[in-house]
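> Input file: query-v2.cif. Contents: mmCIF, C-alpha atoms.
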data_start
loop_
_atom_site.label_atom_id
_atom_site.label_comp_id
_atom_site.auth_asym_id
_atom_site.auth_seq_id
_atom_site.Cartn_x
_atom_site.Cartn_y
_atom_site.Cartn_z
CA MET Z 1365 38.60 -91.95 -73.22
CA THR Z 1366 34.96 -90.92 -72.79
CA PHE Z 1367 35.95 -88.40 -70.13
CA TRP Z 1368 38.65 -86.79 -72.31
CA LEU Z 1369 36.29 -86.62 -75.28
CA ASP Z 1370 33.60 -84.98 -73.13
CA LEU Z 1371 36.12 -82.54 -71.67
CA THR Z 1372 37.37 -81.63 -75.17
CA LEU Z 1373 33.76 -81.08 -76.29
CA LEU Z 1374 33.04 -78.84 -73.31
CA VAL Z 1375 36.20 -76.77 -73.81
CA SER Z 1376 35.47 -76.53 -77.55
CA VAL Z 1377 31.92 -75.29 -76.91
CA VAL Z 1378 33.30 -72.52 -74.68
CA ALA Z 1379 36.19 -71.62 -77.01
CA LEU Z 1380 33.96 -71.57 -80.09
CA GLN Z 1381 31.77 -68.85 -78.55
CA ASP Z 1382 34.43 -66.26 -79.24
CA VAL Z 1383 35.75 -66.08 -82.81
CA ALA Z 1384 38.38 -63.46 -81.93
CA PHE Z 1385 39.98 -65.80 -79.40
CA THR Z 1386 40.49 -68.75 -81.74
CA GLY Z 1387 40.62 -66.78 -84.99
CA LEU Z 1388 38.23 -67.51 -87.86
CA PHE Z 1389 40.41 -70.27 -89.33
CA LEU Z 1390 40.55 -72.37 -86.14
CA HIS Z 1391 36.93 -71.49 -85.27
CA GLU Z 1392 35.63 -73.00 -88.50
CA TRP Z 1393 37.85 -76.10 -88.52
CA LEU Z 1394 37.15 -76.79 -84.85
CA GLY Z 1395 33.44 -76.40 -85.63
CA ILE Z 1396 33.75 -79.03 -88.35
CA ALA Z 1397 35.74 -81.29 -86.02
CA MET Z 1398 32.80 -81.00 -83.59
CA VAL Z 1399 30.76 -83.14 -86.02
CA GLY Z 1400 33.10 -86.08 -85.45
CA MET Z 1401 33.38 -85.43 -81.71
CA VAL Z 1402 29.59 -85.22 -81.25
CA PHE Z 1403 29.02 -88.41 -83.26
CA ALA Z 1404 31.71 -90.21 -81.22
CA HIS Z 1405 30.12 -88.90 -77.99
CA LEU Z 1406 26.71 -90.19 -79.10
CA LEU Z 1407 28.09 -93.57 -80.21
CA LEU Z 1408 29.73 -94.03 -76.80
CA ALA Z 1409 26.38 -93.20 -75.14
CA TRP Z 1410 24.41 -95.41 -77.52
CA SER Z 1411 23.09 -97.85 -74.91
CA TRP Z 1412 21.54 -94.93 -72.97
CA ILE Z 1413 20.11 -93.39 -76.18
CA SER Z 1414 18.51 -96.62 -77.38
CA THR Z 1415 17.10 -97.53 -73.95
CA GLN Z 1416 15.65 -94.07 -73.32
CA SER Z 1417 14.26 -93.76 -76.86
CA ARG Z 1418 12.44 -97.08 -76.49
CA ARG Z 1419 11.06 -96.00 -73.11
CA LEU Z 1420 10.07 -92.56 -74.39
CA PHE Z 1421 6.34 -93.17 -74.21
CA ALA Z 1422 6.44 -95.53 -71.25
CA ALA Z 1423 6.07 -94.40 -67.65
CA GLN Z 1424 9.37 -93.00 -66.39
CA SER Z 1425 10.64 -90.44 -63.92
CA LEU Z 1426 10.49 -86.69 -64.54
CA ARG Z 1427 14.26 -86.56 -64.29
CA SER Z 1428 14.68 -89.07 -67.12
CA ARG Z 1429 12.22 -87.17 -69.30
CA ILE Z 1430 13.94 -83.84 -68.70
CA ASN Z 1431 17.34 -85.43 -69.28
CA TYR Z 1432 16.13 -86.83 -72.60
CA LEU Z 1433 14.63 -83.46 -73.59
CA ILE Z 1434 17.85 -81.58 -72.73
CA ASN Z 1435 19.99 -84.06 -74.68
CA LEU Z 1436 17.67 -83.96 -77.70
CA SER Z 1437 17.63 -80.14 -77.63
CA LEU Z 1438 21.41 -80.09 -77.34
CA PHE Z 1439 21.74 -82.36 -80.37
CA ALA Z 1440 19.29 -80.17 -82.31
CA GLY Z 1441 21.15 -77.03 -81.17
CA VAL Z 1442 24.58 -78.36 -82.15
CA THR Z 1443 23.20 -79.46 -85.54
CA ALA Z 1444 21.70 -75.99 -86.08
CA VAL Z 1445 24.95 -74.25 -85.09
CA ILE Z 1446 27.06 -76.41 -87.41
CA PHE Z 1447 24.59 -76.09 -90.28
CA SER Z 1448 24.33 -72.28 -89.97
CA GLY Z 1449 28.11 -72.13 -89.55
CA ILE Z 1450 28.56 -74.02 -92.82
CA LEU Z 1451 26.23 -71.54 -94.57
CA ILE Z 1452 28.27 -68.52 -93.45
CA SER Z 1453 31.69 -70.17 -93.64
CA GLN Z 1454 34.44 -68.00 -95.11
CA GLU Z 1455 37.46 -70.27 -94.70
CA ALA Z 1456 36.84 -74.00 -94.17
CA ILE Z 1457 33.92 -74.74 -96.51
CA PRO Z 1458 35.30 -72.72 -99.47
CA THR Z 1459 38.61 -74.62 -98.99
CA LEU Z 1460 36.86 -78.00 -98.80
CA THR Z 1461 34.54 -77.42 -101.75
CA GLY Z 1462 36.95 -75.34 -103.83
CA THR Z 1463 34.40 -72.56 -104.18
CA ARG Z 1464 34.91 -68.83 -103.76
CA VAL Z 1465 33.86 -66.99 -100.62
CA ALA Z 1466 30.47 -65.27 -100.98
CA PRO Z 1467 31.08 -61.53 -101.47
CA ASP Z 1468 28.50 -60.56 -98.87
CA MET Z 1469 27.62 -62.18 -95.56
CA ASP Z 1470 24.19 -63.76 -95.11
CA TRP Z 1471 23.23 -61.70 -92.05
CA ARG Z 1472 20.15 -63.75 -91.23
CA TRP Z 1473 22.17 -66.95 -90.83
CA ASP Z 1474 24.95 -65.05 -89.09
CA LEU Z 1475 22.52 -63.79 -86.43
CA LEU Z 1476 20.89 -67.22 -86.11
CA HIS Z 1477 24.33 -68.86 -85.79
CA ASN Z 1478 25.06 -66.56 -82.85
CA ARG Z 1479 21.72 -67.25 -81.21
CA PHE Z 1480 21.98 -71.03 -81.67
CA SER Z 1481 25.51 -71.07 -80.22
CA GLN Z 1482 24.35 -69.18 -77.11
CA ASN Z 1483 21.59 -71.77 -76.67
CA VAL Z 1484 24.15 -74.57 -77.03
CA LEU Z 1485 26.26 -73.00 -74.26
CA ILE Z 1486 23.26 -72.88 -71.92
CA LEU Z 1487 22.16 -76.42 -72.80
CA SER Z 1488 25.73 -77.68 -72.28
CA GLY Z 1489 25.62 -76.24 -68.77
CA LEU Z 1490 22.34 -78.05 -68.08
CA HIS Z 1491 23.70 -81.25 -69.66
CA LEU Z 1492 26.69 -81.03 -67.32
CA ALA Z 1493 24.36 -80.37 -64.37
CA ILE Z 1494 22.23 -83.45 -64.93
CA ASN Z 1495 25.31 -85.65 -65.47
CA TRP Z 1496 27.20 -84.04 -62.59
CA ASP Z 1497 27.62 -87.21 -60.53
CA TRP Z 1498 29.14 -89.07 -63.47
CA ALA Z 1499 31.49 -86.15 -64.26
CA LEU Z 1500 32.56 -85.84 -60.62
CA ALA Z 1501 33.21 -89.59 -60.36
CA ALA Z 1502 35.28 -89.46 -63.55
CA VAL Z 1503 37.35 -86.52 -62.26
CA GLN Z 1504 37.88 -88.27 -58.91
CA LYS Z 1505 38.91 -91.50 -60.64
CA LEU Z 1506 41.36 -89.54 -62.73
CA LEU Z 1507 42.73 -87.30 -60.00
CA PHE Z 1508 42.92 -89.71 -57.04
CA PRO Z 1509 45.91 -91.71 -58.34
CA ILE Z 1510 47.73 -88.42 -59.08
CA ILE Z 1511 46.97 -87.04 -55.59
CA GLU Z 1512 47.97 -90.34 -53.97
CA LYS Z 1513 51.23 -90.36 -55.91
CA ALA Z 1514 51.90 -86.73 -54.92
CA GLN Z 1515 51.16 -87.56 -51.25
CA GLU Z 1516 53.49 -90.56 -51.41
CA ILE Z 1517 56.30 -88.45 -52.89
CA PHE Z 1518 55.66 -85.74 -50.28
CA SER Z 1519 55.74 -88.23 -47.37
CA ARG Z 1520 58.93 -89.84 -48.74
CA PHE Z 1521 60.43 -86.37 -49.02
CA ARG Z 1522 59.52 -85.59 -45.39
CA GLU Z 1523 60.99 -88.88 -44.20
CA GLY Z 1524 64.19 -88.01 -46.01
CA ASP Z 1525 64.05 -90.82 -48.55
CA LEU Z 1526 64.25 -88.34 -51.40
CA MET D 28 29.72 -107.44 -87.28
CA LYS D 29 30.81 -104.68 -84.89
CA LEU D 30 31.61 -102.36 -87.79
CA LYS D 31 28.17 -103.02 -89.27
CA ARG D 32 26.56 -102.09 -85.95
CA VAL D 33 28.59 -98.87 -85.71
CA LEU D 34 27.71 -97.95 -89.29
CA THR D 35 24.01 -98.57 -88.61
CA ARG D 36 24.16 -96.31 -85.56
CA LEU D 37 25.99 -93.65 -87.54
CA ALA D 38 23.31 -93.84 -90.21
CA ILE D 39 20.57 -93.38 -87.59
CA LEU D 40 22.42 -90.39 -86.09
CA SER D 41 22.95 -88.89 -89.55
CA LEU D 42 19.24 -89.27 -90.29
CA ALA D 43 18.34 -87.51 -87.05
CA ALA D 44 20.87 -84.76 -87.82
CA ALA D 45 19.42 -84.40 -91.35
CA ALA D 46 15.94 -84.00 -89.85
CA PHE D 47 17.21 -81.24 -87.56
CA VAL D 48 19.00 -79.57 -90.48
CA GLY D 49 15.68 -79.57 -92.36
CA LEU D 50 13.90 -78.04 -89.38
CA THR D 51 16.66 -75.41 -89.00
CA GLU D 52 16.34 -74.53 -92.68
CA ILE D 53 12.56 -74.12 -92.33
CA TYR D 54 13.03 -72.01 -89.19
CA GLY D 55 15.75 -69.85 -90.80
CA GLY D 56 13.69 -69.40 -93.94
CA SER D 57 10.65 -68.28 -92.00
CA ARG D 58 12.55 -65.70 -89.90
CA ARG D 59 12.55 -62.07 -90.94
CA THR D 60 15.54 -60.49 -89.28
CA ALA D 61 16.48 -56.85 -89.49
CA LEU D 62 19.91 -55.99 -90.87
CA PRO D 63 22.48 -55.67 -88.08
CA SER D 64 24.04 -52.30 -87.34
CA ALA D 65 26.86 -50.97 -89.54
CA ASN D 66 29.35 -51.46 -86.71
CA TRP D 67 28.35 -55.10 -86.29
CA GLN D 68 28.59 -55.68 -90.04
CA ALA D 69 32.05 -54.07 -90.21
CA GLU D 70 33.24 -56.13 -87.25
CA ARG D 71 31.92 -59.39 -88.71
CA ARG D 72 33.45 -58.67 -92.12
CA HIS D 73 36.91 -58.15 -90.69
CA ARG D 74 37.23 -60.99 -88.24
CA PRO D 75 40.86 -62.05 -87.86
CA SER D 76 41.88 -65.36 -89.33
CA ALA D 77 44.59 -65.87 -86.71
CA PRO D 78 43.91 -66.22 -82.95
CA GLN D 79 43.83 -63.06 -80.83
CA GLY D 80 45.19 -64.02 -77.43
CA GLY D 81 43.92 -60.82 -75.81
CA ASP D 82 40.30 -62.02 -75.83
CA LEU D 83 40.89 -64.60 -73.11
CA GLN D 84 38.57 -62.73 -70.73
CA ASP D 85 35.64 -63.28 -73.12
CA VAL D 86 36.35 -67.02 -73.14
CA VAL D 87 36.56 -67.03 -69.34
CA GLY D 88 33.25 -65.12 -69.31
CA ASN D 89 31.66 -67.82 -71.47
CA GLY D 90 33.09 -70.46 -69.14
CA VAL D 91 31.48 -68.62 -66.22
CA VAL D 92 28.11 -68.54 -68.04
CA LEU D 93 28.36 -72.31 -68.57
CA ALA D 94 29.31 -72.83 -64.91
CA ILE D 95 26.35 -70.68 -63.74
CA PHE D 96 23.90 -72.76 -65.78
CA ALA D 97 25.55 -75.99 -64.60
CA PHE D 98 25.30 -74.82 -60.98
CA ALA D 99 21.71 -73.56 -61.34
CA GLY D 100 20.73 -76.76 -63.13
CA ARG D 101 22.39 -78.82 -60.42
CA ILE D 102 20.34 -77.06 -57.73
CA ILE D 103 17.06 -77.34 -59.67
CA PHE D 104 17.56 -80.98 -60.63
CA ARG D 105 18.55 -81.86 -57.07
CA LEU D 106 15.64 -80.08 -55.48
CA ARG D 107 12.86 -80.64 -57.98
CA LEU D 108 13.66 -83.90 -59.65
CA SER D 109 14.69 -86.05 -56.74
CA PRO D 110 11.59 -87.44 -55.03
CA VAL D 111 13.81 -89.44 -52.68
CA SER D 112 14.68 -87.55 -49.49
CA ARG D 113 18.36 -86.79 -48.96
CA SER D 114 18.70 -89.07 -45.94
CA GLU D 115 17.01 -91.93 -47.80
CA GLY D 116 19.14 -91.17 -50.83
CA GLN D 117 22.21 -91.40 -48.67
CA LEU D 118 21.13 -94.84 -47.51
CA LYS D 119 20.62 -95.91 -51.09
CA LEU D 120 24.02 -94.57 -52.03
CA LEU D 121 25.66 -96.59 -49.28
CA ASP D 122 23.48 -99.60 -50.10
CA LEU D 123 22.30 -99.57 -46.50
CA ASP D 124 18.57 -99.69 -47.28
CA ARG D 125 18.88 -103.22 -48.63
CA LYS D 126 21.00 -104.28 -45.68
CA ARG D 127 18.49 -102.74 -43.27
CA GLY D 128 15.64 -104.57 -45.09
CA ALA D 129 17.54 -107.84 -44.89
CA ALA D 130 18.11 -107.32 -41.17
CA LYS D 131 14.37 -106.76 -40.60
CA THR D 132 13.41 -110.02 -42.36
#
Please express what this file holds, its structure, as structure tokens.


Amino acid sequence: MTFWLDLTLLVSVVALQDVAFTGLFLHEWLGIAMVGMVFAHLLLAWSWISTQSRRLFAAQSLRSRINYLINLSLFAGVTAVIFSGILISQEAIPTLTGTRVAPDMDWRWDLLHNRFSQNVLILSGLHLAINWDWALAAVQKLLFPIIEKAQEIFSRFREGDL
Amino acid sequence: MKLKRVLTRLAILSLAAAAFVGLTEIYGGSRRTALPSANWQAERRHRPSAPQGGDLQDVVGNGVVLAIFAFAGRIIFRLRLSPVSRSEGQLKLLDLDRKRGAAKT
């Protein structure tokens, strides 16, 4: 479940970079859905968060410190993107709150929303890099039974059983 | 009991998110940004509500950017942040270092 949630988050981060691809409607609702996905992701990683937060000022490896910094920056970045997205929302938030769409766009928040989302993309890449071994193990665990099954079917096919 | 624990964690996460929202608001309020070009404004005002399938190459481009940073990060973290040498690391991975230590004693 964790793997599928993480994969959905990663795909969403990439898809949300381009409004024209998803359309504004899906872009905004998927952005709001990210709140739930990020919270679920953090709840599933709670043991790591609590352990590392307690050890924050204790002696620990450079890797752990950088990992913590990247994750904290990513959380801050995602929060900033969602918050700025809510401020410039033209579809989802007016529907949820029953208010009318602002006649003119707040360009400052629009530009910041773009900048924050680019930072989130970069930080997601670094987050993936530092958790690469875990991601690779998860993919292998998921794919190996499928490959084994395919090999079994192929060998049965060659032997003429199928 | 478990629900209470989850709710407490959610409250902590919400507090942290609220703190970041406050910081974002301060940052956004302090920024003086120039108005974007007329073209940009026109484009942003008329963004389609429905998906435009033709922009797949932009999404692939963003995927490539993410992959580049993941790859670059992987190299940097592997080279700079791993004090253990690769051969020693391999031993650790295979749990051979402990076995070798046990054999010595």

> With the cut-off set at 8 Å and counting all atoms listed in the file, tabulate each residue of chain Z with an atom at most that distance from an atom of chain D, showing the nearest atom pair and its distance in Å to one decimal, ordered by chain and increasing number, as CSV.


residue,atom,partner,partner_atom,distance
Z:Val1378,CA,D:Gly90,CA,5.9
Z:Ala1379,CA,D:Val86,CA,6.0
Z:Gln1381,CA,D:Asn89,CA,7.2
Z:Asp1382,CA,D:Val86,CA,6.4
Z:Val1383,CA,D:Arg74,CA,7.6
Z:Ala1384,CA,D:Gln79,CA,5.6
Z:Phe1385,CA,D:Gln79,CA,4.9
Z:Thr1386,CA,D:Pro78,CA,4.4
Z:Gly1387,CA,D:Pro78,CA,3.9
Z:Leu1388,CA,D:Ser76,CA,4.5
Z:Phe1389,CA,D:Ser76,CA,5.1
Z:Leu1390,CA,D:Ala77,CA,7.7
Z:Phe1403,CA,D:Leu37,CA,7.4
Z:Leu1407,CA,D:Arg36,CA,7.2
Z:Leu1426,CA,D:Leu108,CA,6.5
Z:Arg1427,CA,D:Leu108,CA,5.4
Z:Phe1439,CA,D:Ala44,CA,7.9
Z:Ala1440,CA,D:Phe47,CA,5.7
Z:Thr1443,CA,D:Ala44,CA,6.2
Z:Ala1444,CA,D:Thr51,CA,5.9
Z:Phe1447,CA,D:Val48,CA,6.6
Z:Met1469,CA,D:Arg72,CA,7.6
Z:Trp1471,CA,D:Leu62,CA,6.7
Z:Arg1472,CA,D:Thr60,CA,6.0
Z:Trp1473,CA,D:Gly55,CA,7.0
Z:Leu1476,CA,D:Gly55,CA,7.4
Z:Leu1485,CA,D:Leu93,CA,6.1
Z:Ile1486,CA,D:Leu93,CA,6.1
Z:Ser1488,CA,D:Leu93,CA,7.0
Z:Gly1489,CA,D:Ala97,CA,4.2
Z:Leu1490,CA,D:Ala97,CA,5.2
Z:His1491,CA,D:Ala97,CA,7.5
Z:Leu1492,CA,D:Ala97,CA,5.8
Z:Ala1493,CA,D:Ala97,CA,4.5
Z:Ile1494,CA,D:Arg101,CA,6.5
Z:Trp1496,CA,D:Arg101,CA,7.4

> Take the PyMOL selection byres ((chain Z and resi 1366-1372) around 9), run it mentally on this structure, and tell me the resulting residues as a CSV table (one decimal) with C-alpha atoms, in the frame of the given file.


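Result went into part.csv, see below:
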chain,number,residue,atom,x,y,z
Z,1365,MET,CA,38.6,-92.0,-73.2
Z,1373,LEU,CA,33.8,-81.1,-76.3
Z,1374,LEU,CA,33.0,-78.8,-73.3
Z,1375,VAL,CA,36.2,-76.8,-73.8
Z,1376,SER,CA,35.5,-76.5,-77.6
Z,1377,VAL,CA,31.9,-75.3,-76.9
Z,1401,MET,CA,33.4,-85.4,-81.7
Z,1404,ALA,CA,31.7,-90.2,-81.2
Z,1405,HIS,CA,30.1,-88.9,-78.0
Z,1408,LEU,CA,29.7,-94.0,-76.8
Z,1499,ALA,CA,31.5,-86.2,-64.3
Z,1502,ALA,CA,35.3,-89.5,-63.6
Z,1503,VAL,CA,37.4,-86.5,-62.3

> For each of Z:Ser1411, Z:Ser1448, Z:Ser1417, Z:Ser1453, take the minimum atom-to-atom distance to Phe1480 of chain Z, counting all atoms listed in the file, then give the residue where this is smallest.

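Ranked by minimum distance to Phe1480 of chain Z, first place goes to Z:Ser1448.
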
> Excluding Ile1396 of chain Z and any residue of its chain fewer than 3 positions from it, enumerate the residues within 10 Å of it, using all atoms listed in the file, and give them as a list in words.

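Listing them by chain and then by number gives Leu1390, His1391, Glu1392, Trp1393, Val1399, Gly1400, Met1401, Ile1446, Phe1447, Gly1449, Ile1450, Ala1456 and Ile1457 of chain Z.
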
> Keeping only C-alpha atoms, take the residues you just selected and write them out as a compact mmCIF listing (two decimals), in the coordinates of the input.


# COMPACT_ATOMS: atom_id res chain seq x y z
CA LEU Z 1390 40.55 -72.37 -86.14
CA HIS Z 1391 36.93 -71.49 -85.27
CA GLU Z 1392 35.63 -73.00 -88.50
CA TRP Z 1393 37.85 -76.10 -88.52
CA VAL Z 1399 30.76 -83.14 -86.02
CA GLY Z 1400 33.10 -86.08 -85.45
CA MET Z 1401 33.38 -85.43 -81.71
CA ILE Z 1446 27.06 -76.41 -87.41
CA PHE Z 1447 24.59 -76.09 -90.28
CA GLY Z 1449 28.11 -72.13 -89.55
CA ILE Z 1450 28.56 -74.02 -92.82
CA ALA Z 1456 36.84 -74.00 -94.17
CA ILE Z 1457 33.92 -74.74 -96.51

> Give me, please, the distance in Å between atom CA of Pro1467 of chain Z and atom CA of Gln1454 of chain Z, quoted to one decimal.

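Computed distance, atom CA of Pro1467 of chain Z to atom CA of Gln1454 of chain Z, equals 9.7 Å.
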
> If you measure from atom CA of Gln1504 of chain Z to atom CA of Glu1523 of chain Z, what distance in Å do you get, rounded to one decimal?

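About the pair atom CA of Gln1504 of chain Z and atom CA of Glu1523 of chain Z: they are 27.4 Å apart.
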
> Rank nothing, just name the residue among Z:Ala1501, Z:Met1398, Z:Ile1511, Z:Leu1475 nearest to Trp67 of chain D, using all atoms listed in the file.

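Closest to Trp67 of chain D, using all atoms listed in the file: Z:Leu1475.
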
> Work out how far atom CA of Leu1438 of chain Z is from atom CA of Thr1459 of chain Z, in Å to one decimal.

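Atom CA of Leu1438 of chain Z lies at a distance of 28.2 Å from atom CA of Thr1459 of chain Z.
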